[in-house]
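K.L.:
Quick one: the structure is below, and I'll ask about it shortly.
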Amino acid sequence: MEGDPVALYGDGRRLDVNSEVFKAHAKRLVDSHDQLLQSALETGSYSKLYSFKHILNGFAVHTTPSQAEKLKEAPRVKLVEKDRGAKLMTTYTPQFLGLPLGVWTQEGGDDHNAGEGIVIGFVDTGINPTHPSFAYDPLNPFTSNISHFSGACKTGPQFPASSCNGKIVSAKFFSAGAQAVAALNSTVDFLSPFDAVGHGSHVASIAAGNAGVPVVVNGFYYGRASGMAPRARIAVYKAVYPTVGTLTDVVSAIDQAVLDGVDILTLSVGPDEPPEDTATFLSMFDIAMLFARRAGIFVVQAAGNQGPAPSSVVSYSPWAVGVASSSTDRTYPGSVLLGNGTKIEGVGLSGPTFGYGLLLHKLVLAKDVLKASGSFPRTPPYIEECQYPEALDPNVVQGSVVICTFSEGFYNGTSTITAIINTAKVILQYYEQETCKEEKGFATRFAAKAAIGEGRVASFMGQAPVVSRLSSRGPDFINSSRTPCDVLKPDILAPGHQIWAAWSPISALEPTLTGYNFALLSGTSMATPHVAGIAALIKQYNPSWTPSMITSAISTTATKYDGDGEFIMAEGSDIGSSYPSTPFDFGAGFVSPSHAMDPGLVLSSGYEDYISFLCSLPEINPATTRNATGELCNNTLDHPANLNLPSVTLSALKGSQIVRRTFTNVGSKPETYLCSALSPNGTIVDLCPTWFRIAPQGSQELHIQVKVTQAMDGFTFGEIVLTGSLNHIVRIPLSVFPVSTSNT
C-alpha cells in the first residue's frame with residue numbers, strides 16, 4: 001500500500017516503539033487497511049489476518065481468488081501476492097570449525113563470553129524452554145546490556161512466563177495464516193511459542209545453545225553440545241506448526257523481530273517454491289528481509305534442500321545470506337556379524353545387541369515376520385522398511401535381528417547404492433540358506449544368526465567437508481521461469497549433515513524421535529544457524545560492522561579446500577557420485593570463523609545500493625520496484641553486477657564488461673595488496689590496479705574487465721585473489737556465462 005512503514009527512520013534506525021507518535025501512526029495504518037478492505041471487498045468475503053505496520057505497510061487477508069482480483073484494482077493497492085507454503089529446511093561442529101582455539105579465544109579466552117550482548121532471532125517452530133541448552137545459570141549471569149532489544153514473552157500451553165528466563169529473552173507466536181488455511185490440532189499445534197516439532201529448538205541450540213551440554217540419548221552419552229555463540233540471547237518467533245506453515249505467518253514474525261530489535265535473524269524456514277507472478281527479489285518474503293537488512297539486521301536463510309538439481313535454491317536476494325549444507329568428518333561406523341563368521345561394516349547410531357555384538361541372535365527378514373491378520377496396508381513402509389513396528393509379529397521379532405530392506409542412507413548420503421546392494425546380497429544370501437520356507441514362500445523355521453556391533457561411537461576421519469546431495473544449488477534466478485541473474489547463490493557453505501542438537505520430546509512430525517531431548521538431523525536448516533552464530537561472534541568482536549561487512553568477511557575468507565587440502569567435492573545426483581564443487585554448490589566456500597574475524601578488507605553495500613540494484617534489473621521496471629519498496633529509482637546502477645557484493649556473477653556476458661568493486665581496510669595498519677585473477681574458461685580477466693596500498697579505514701576501487709574469448713554453453717568459474725603484505729587473503733568468486741565474443 002501507499003504510505004510509509006512506521007518502525008524505521010529514513011536511515012534504517014529503529015523508532016521508539018513505546019512513543020505516542022509510534023502508536024498513533026501504527027493505529028492510522030491499521031485503520032487505513034480496514035477502510036480499504038471494507039471499500040474494496042464484499043462484506044463477509046474476507047478475513048484480515050495481519051496488518052503489517054512496522055517494516056511493511058500492508059496486510060494479509062484470507063479471501064477468494066475473485067475477491068483477490070478485485071483487491072488488485074483497488075485504489076492505493078500497489079502489490080497483491082498469493083500466499084505460499086512455508087517449509088522447514090531440515091555437537092561436534094564448533095571443534096570442526098576451529099572455534100574453541102580460534103574465535104572463542106579472541107572473545108575472551110573461552111566459550112564463557114562468546115556471543116555476549118547479541119540477540120539472535122529465530123523464525124521457526126518455536127522452542128522447548130525446559131531444555132538444558134536454553135537454561136539460565138544464575139551462577140554465571142549475563143554481563144552485557146541488551147537495551148537495544150525490546151521483546152516480550154507470550155505465554156500459552158506448555159509455555160509459562162518463566163520460560164523467558166534471561167537466556168530466552170523474548171518469545172512470540174504467529175498463527176493467523178495457519179488457522180486460516182487449516183484446522184489446527186490442539187494436541188500438537190500449540191498456540192504458544194512452545195516447540196512441538198523439535199526443529200526450532202534444534203536450530204536455536206546450534207546457533208546459541210549453552211556450552212558443554214551433555215548429549216544423552218537412550219542412556220548413551222554421545223559427548224557435549226555447544227552452540228556457535230553460547231552466550232548469545234535467544235528471541236523466539238514461532239510461525240510454523242506441525243499441521244501447516246504459511247509465509248503470511250513467517251512475514252508477520254519477521255516484521256515483529258525487526259521491531260523488537262534482534263541483531264541476527266535466522267530463517268531455517270522459507271518458501272517451498274518461487275513466487276508465481278512476482279520477481280524472486282520482490283516477493284513479500286524477500287522484501288521483508290530487505291527491510292530487516294535496512295534496520296541493521298544480519299539476515300541468514302537456508303538455501304534449500306532440493307539439490308543437487310541446478311537452480312534449486314530458495315534463497316534469492318543479495319541482502320540475505322543463503323547457506324548451503326556440508327558434511328563434517330564425523331561418522332558413526334557400525335557392523336553386523338553373521339552366523340557364518342562374515343562381518344559387514346556399515347553406518348551405526350544403534351547400540352549393540354545383547355552380548356555386545358558377540359552373542360548371536362535369530363536373524364529374520366521383515367516381510368517374513370508380518371502379523372498374519374494385521375489390518376495395516378501392504379505397502380513397503382509396512383512390509384519391508386520397518387517403519388511401522390506394529391506390522392511385525394512380536395512373538396517372532398522379540399530378541400531377533402530384523403532385516404529391513406529400506407535404507408535412509410539413500411537420501412541422507414551416508415550410504416552408497418553399491419555398498420547397500422553388496423551388503424544386502426551377502427546378508428540375504430546367508431539368510432535364505434538358513435531359512436526354511438513352505439511352497440507358498442512363508443517362512444517356517446529361522447536358523448540364521450546375527451549380532452549387531454556397537455555403532456554409537458564416533459569416528460573422525462574421511463574426506464570433509466563435502467557438499468551434501470540435498471543442498472540446493474545455483475545459479476540464482478529472477479522469476480518462475482528460472483532466468484539466471486547476476487547474483488551468486490548460495491553464498492556460503494557450513495556444516496549441515498548429521499548435526500546433534502536440542503529437540504522437543506513431543507516430536508510431532510518425527511514419531512521415531514518421540515521422547516528424545518536431542519536429535520541428529522541433516523539439512524540446510526542445520527547449516528544456517530552455524531552461520532548465524534558465527535555472525536554473532538563477528539558482531540560482538542566488531543560491533544560497528546554493518547551486516548554487509550559481516551557478510552563480506554565470512555565470504556572472502558572462506559576456503560575452497562577440505563581438511564586434507566584437496567578441492568571440496570559435491571555429492572552428485574547418482575548415489576555415490578561426486579564432482580569438484582563450483583560456486584553454485586558452495587558459494588564462496590566453506591566458512592572459516594577465525595579468519596572471518598580479521599578479513600583485512602571488506603566490501604560494503606547498504607539499503608540504497610539494493611534499491612539501485614533492483615532498479616538496474618532489465619526484467620523489473622521502476623514502477624514495480626516502487627510498488628514493492630516505496631522507493632524511487634533515482635540512482636540506478638549501470639549494471640546489476642556492479643552491486644558491491646563479495647562475488648562477481650555475469651549471467652549473460654557478450655563481448656566484454658567492466659565490473660567495479662570497492663574495498664575498505666578494516667585492519668589497524670596500512671597494507672599493500674597484490675591483485676590476481678584466475679579467468680573462467682572462455683574469458684580473460686584484467687584487473688586495474690594490479691596492486692594498491694590502503695590505509696586503515698581507507699577505500700580502494702578495483703576495476704574488473706571480463707572479456708569473452710570463446711562462447712560457452714554454460715557458466716564457467718574463476719576467482720579474484722587479493723594477497724596482502726600482512727598475510728590477509730581476500731577471495732572473490734567469479735561466475736560467468738560467456739554467451740558471445742561480440743557485444744551485440
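All residue names refer to the C-alpha cells as shown: chains lettered A, B, ... in order, residues numbered from 1 in each chain, ligands numbered from 1 in order.
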Write out as an mmCIF file with C-alpha atoms, in the first residue's frame the residues lying within 6 Å of region 197-199 of chain A, counting only C-alpha atoms and excluding same-chain residues fewer than 4 positions away.

P.N.:
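Wrote result-v4.cif, looks like this:
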data_model
loop_
_atom_site.group_PDB
_atom_site.id
_atom_site.type_symbol
_atom_site.label_atom_id
_atom_site.label_comp_id
_atom_site.auth_asym_id
_atom_site.auth_seq_id
_atom_site.Cartn_x
_atom_site.Cartn_y
_atom_site.Cartn_z
ATOM 1 C CA TRP A 503 14.954 -31.495 20.388
ATOM 2 C CA SER A 504 11.409 -31.498 21.691
ATOM 3 C CA SER A 507 8.380 -34.642 18.197
ATOM 4 C CA ALA A 508 5.060 -34.189 16.395
ATOM 5 C CA LEU A 509 6.433 -34.817 12.888
#

K.L.:
Contacts of region 480-496 of chain A at 8 Å or less, counting only C-alpha atoms, minus same-chain residues fewer than 6 places along, as an NGL selection string?

P.N.:
:A and (93 or 274-277 or 279-280 or 303 or 311 or 313 or 315-318 or 321-328 or 465 or 467-468 or 472-474 or 521-528 or 530-531 or 554-555 or 558 or 583-591 or 640-641 or 647-651 or 735)

K.L.:
Apply DSSP to the structure's backbone, then extract all residues of region 497-645 of chain A labelled alpha helix (DSSP H) and return them as number ranges by chain.

P.N.:
A: 524-541, 547-556, 583-586, 593-596, 607-616, 622-629

K.L.:
Nearest to Tyr673 (chain A) among A:Phe715, A:Val730, A:Gly212, A:Lys172, with distances taken over only C-alpha atoms: which residue is it?

P.N.:
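Using only C-alpha atoms, the shortest distance to Tyr673 (chain A) belongs to A:Val730.
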
K.L.:
May I have the residues within 7 Å of Phe174 (chain A) as number ranges by chain, using only C-alpha atoms and disregarding those fewer than 6 positions away in the same chain?

P.N.:
A: 238-239, 249, 253

K.L.:
Selection from above, N, CA, C and O atoms, as a PDB file, in the first residue's frame, can you write it?

P.N.:
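The resulting file, out-v5.pdb, is reproduced below:
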ATOM      1  N   LYS A 238       7.638 -18.031  16.716  1.00  0.00           N
ATOM      2  CA  LYS A 238       7.048 -19.260  16.175  1.00  0.00           C
ATOM      3  C   LYS A 238       6.085 -18.919  15.056  1.00  0.00           C
ATOM      4  O   LYS A 238       5.133 -18.160  15.244  1.00  0.00           O
ATOM      5  N   ALA A 239       6.317 -19.520  13.863  1.00  0.00           N
ATOM      6  CA  ALA A 239       5.474 -19.206  12.709  1.00  0.00           C
ATOM      7  C   ALA A 239       5.136 -20.441  11.880  1.00  0.00           C
ATOM      8  O   ALA A 239       4.430 -20.319  10.882  1.00  0.00           O
ATOM      9  N   ASP A 249       2.407 -16.036   8.081  1.00  0.00           N
ATOM     10  CA  ASP A 249       2.864 -16.041   9.470  1.00  0.00           C
ATOM     11  C   ASP A 249       4.356 -15.747   9.560  1.00  0.00           C
ATOM     12  O   ASP A 249       4.812 -15.064  10.487  1.00  0.00           O
ATOM     13  N   ALA A 253       6.118 -12.645  11.505  1.00  0.00           N
ATOM     14  CA  ALA A 253       7.154 -12.884  12.511  1.00  0.00           C
ATOM     15  C   ALA A 253       8.392 -12.036  12.236  1.00  0.00           C
ATOM     16  O   ALA A 253       9.000 -11.473  13.157  1.00  0.00           O
TER      17      ALA A 253
END

K.L.:
Can you work out which one of A:Leu247, A:Ile118, A:Leu643, A:Ala257 has the shortest atom-to-atom distance to Ala171 (chain A), counting only C-alpha atoms?

P.N.:
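Among the listed residues, the smallest separation from Ala171 (chain A) belongs to A:Ala257.
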
K.L.:
Of the candidates A:Val119, A:Ala366, A:Leu632, A:Ile694, which one gets nearest to Pro394 (chain A) if we count only C-alpha atoms?

P.N.:
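The shortest atom-to-atom distance to Pro394 (chain A) comes from A:Ala366.
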
K.L.:
Nearest to Pro333 (chain A) among A:Ala24, A:Ala596, A:Val659, A:Met461, with distances taken over only C-alpha atoms: which residue is it?

P.N.:
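The closest residue to Pro333 (chain A) is A:Met461.
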